[in-house]
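Structure, as structure tokens:
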Amino acid sequence: MPRKTSRARSGRSVAAGVLWDSPKLGSRATQVSREKARRRADSDAPAPPVVPTEPAPSPPLCAPPVPINPVTHPIARCRWCGNQFYRVHALPPQWLCLTPACADRQVQAAIPRLVSAALAELEPPGQSPWLFLPLPLNIDLAESPYKRTLLAGSAGSSKSYGARWMAYRECLARPGLRVLLLRRTFPELEKNHTDFMAAEALALQRYGHGSVKYFGGYYKSMTFGNNAKIITGHCQHDTDVVKLLGSDFDLILIDEAVNFTEKALAEIPPRDRGSPTARALGATDGKTWLLSNPGGIGMLMLSDFYITKTPDRKEYPTYDPAIYGYIHGAIRDSPYLAPDYVKKNLSGLSAARFKQLADGDWTVFQGQFLEFDPTVHVKTLMGVA
């Protein structure tokens, strides 16, 4: 007959084929005594040394001195003063206005690259101190006095990229902010924005801007450590508009707005009433930024509302021109374009499309029989009011 082994004597248990050592805890009084002794020992032990953390460096508030022989852009000009842009860094190449006052405004609106001394040693030489250095055009959009602003004009004037990063800047500065970023279709949203947002979120977090996370999937969004959030979406058809009317936002960014339907352009901007999360922290109202080139199904709507401010008053009887503004973006606003950009990229277009994309002209249309030029075809008659 096999010998029985006591569980208590062996100190080992077998259950479900798993073998483990059973702890010998003793009586309840013994356990309590041991716990008290451990706590006394912990209280008598010296506190671990406090390791000082390196303070985050302060962002630069002034532009660096202009070098003796600056590399300037032959075409681009500052929209504030008309001076040239000069290149300040090679990784990545960034541009400042040669006028110190304008350059300081650019730097003060930038998103800095905050690195500790230890991390700075790992950075490649010539690294820029800014993750994003805005151009004057981008700052004009962010500082627009209008509730709803159309930034439109020539193709390639850094509208979409600059506005997205200015939206990041708004989120970093304003807790609880809610931003809605739209393109007409989902593929356009991916190619122009969300394909870059994951890497940009990592860069913001790596370089001292708190917890910034990008969430992929169908509903793509970016969250910030101060509870600010960017929500992305698309609105291709009139039936899609209703999906965007259930929330209020602090900033609505409609990219390539000329491709949206008239219903979308009329009904989405009024959702810029300010989000509950931002209002709880003192925000009072929201804004809408529309970015666009001329030429598309929404061209007449945008021109009537934002440029000429002459919509049909029977159809839009409550239109208030005071809240709608227009900023013209030109090719010369962006030093990131090659000097031969127009020749290489726009030379094969029709005459009307060339004027739309190269000049940002909102008075010409594809297939237009008679070309209208207000400087030629409009005359002031003497004595006629």
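Residue names in the structure tokens use chain letters A, B, ... in the order shown, residue numbers from 1 in each chain, and ligand numbers from 1 in the order shown.
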- prompt: Taking the backbone alone, and naming residues the way the document does, which bits of range 134-264 of chain A are helix (DSSP H, G or I) by DSSP, as number ranges by chain?
  reply: A: 136-142, 159-173, 186-206, 238-244, 257-259, 262-264
- request: Pick out each residue of range 237-313 of chain A that DSSP on the backbone tags as strand (DSSP E); I need them as a list in words.
  value: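 Strand (DSSP E) assignments inside range 237-313 of chain A correspond to Leu251, Ile252, Leu253, Ile254, Asp255, Lys287, Thr288, Trp289, Leu290, Leu291 and Ser292 of chain A.
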- prompt: What is the CA of Leu141 in chain A to CA of Ser158 in chain A distance in Å?
  reply: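 Atom-to-atom, CA of Leu141 in chain A to CA of Ser158 in chain A, that is 11.6 Å.
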query: To one decimal place, how far is CA of Asn138 in chain A from CA of Leu291 in chain A in Å?
result: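 Spanning CA of Asn138 in chain A to CA of Leu291 in chain A is a straight-line distance of 11.1 Å.
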field: From A:Ile231, A:Ala198, A:Ala173, A:Ala338, residue lying nearest Ala283 in chain A [only C-alpha atoms]
entry: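 Checking each of A:Ile231, A:Ala198, A:Ala173, A:Ala338 against Ala283 in chain A, counting only C-alpha atoms, the winner is A:Ala173.
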- request: Kindly indicate which residue among A:Ala117, A:Leu281, A:Met299, A:Ala203 lies nearest to Thr261 in chain A, using only C-alpha atoms for the distances.
  value: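 Result for the nearest residue to Thr261 in chain A: A:Met299.
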field: Who sits within 9 Å of Gly208 in chain A, only C-alpha atoms, same chain under 6 positions skipped, as a ChimeraX atom specification
entry: /A:56,112-116
- request: Would you please work out which residue, of A:Ala278, A:Val88, A:Leu131, A:Ala264, is nearest to Cys171 in chain A when using only C-alpha atoms?
  value: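 Of all the options, A:Ala278 lies closest to Cys171 in chain A.
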- request: Find the residues around Ser275 in chain A up to 8 Å (only C-alpha atoms counted), leave out those fewer than 6 positions away in its own chain, and share them as a PyMOL selection string.
  value: chain A and resi 177-178+247-250+286
Store the residues picked out above, limited to C-alpha atoms, as a compact mmCIF listing (two decimals), in the first residue's frame.
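part-v3.txt, written as the output of this step:
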```
# COMPACT_ATOMS: atom_id res chain seq x y z
CA LEU A 177 -10.29 72.96 -26.30
CA ARG A 178 -12.32 71.01 -28.86
CA SER A 247 -21.54 68.82 -30.84
CA ASP A 248 -20.19 72.30 -30.24
CA PHE A 249 -16.58 73.22 -30.97
CA ASP A 250 -14.10 75.94 -30.09
CA GLY A 286 -15.44 79.65 -30.91
```
query: Which is closest to Leu61 in chain A among A:Asp104, A:Asp255, A:Asp340, A:Asp195, if we use only C-alpha atoms?
result: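 Among the listed residues, the smallest separation from Leu61 in chain A belongs to A:Asp104.
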- prompt: Quick one: of A:Tyr86, A:Asn226, A:Ser303, A:Tyr219, who's nearest to Ile68 in chain A, counting only C-alpha atoms?
  reply: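 Answer, going by the shortest atom-to-atom distance: A:Tyr86.
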From A:Arg273, A:His193, A:Arg174, A:Arg105, residue lying nearest Gly225 in chain A [only C-alpha atoms]: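 Closest residue, counting only C-alpha atoms: A:Arg174.
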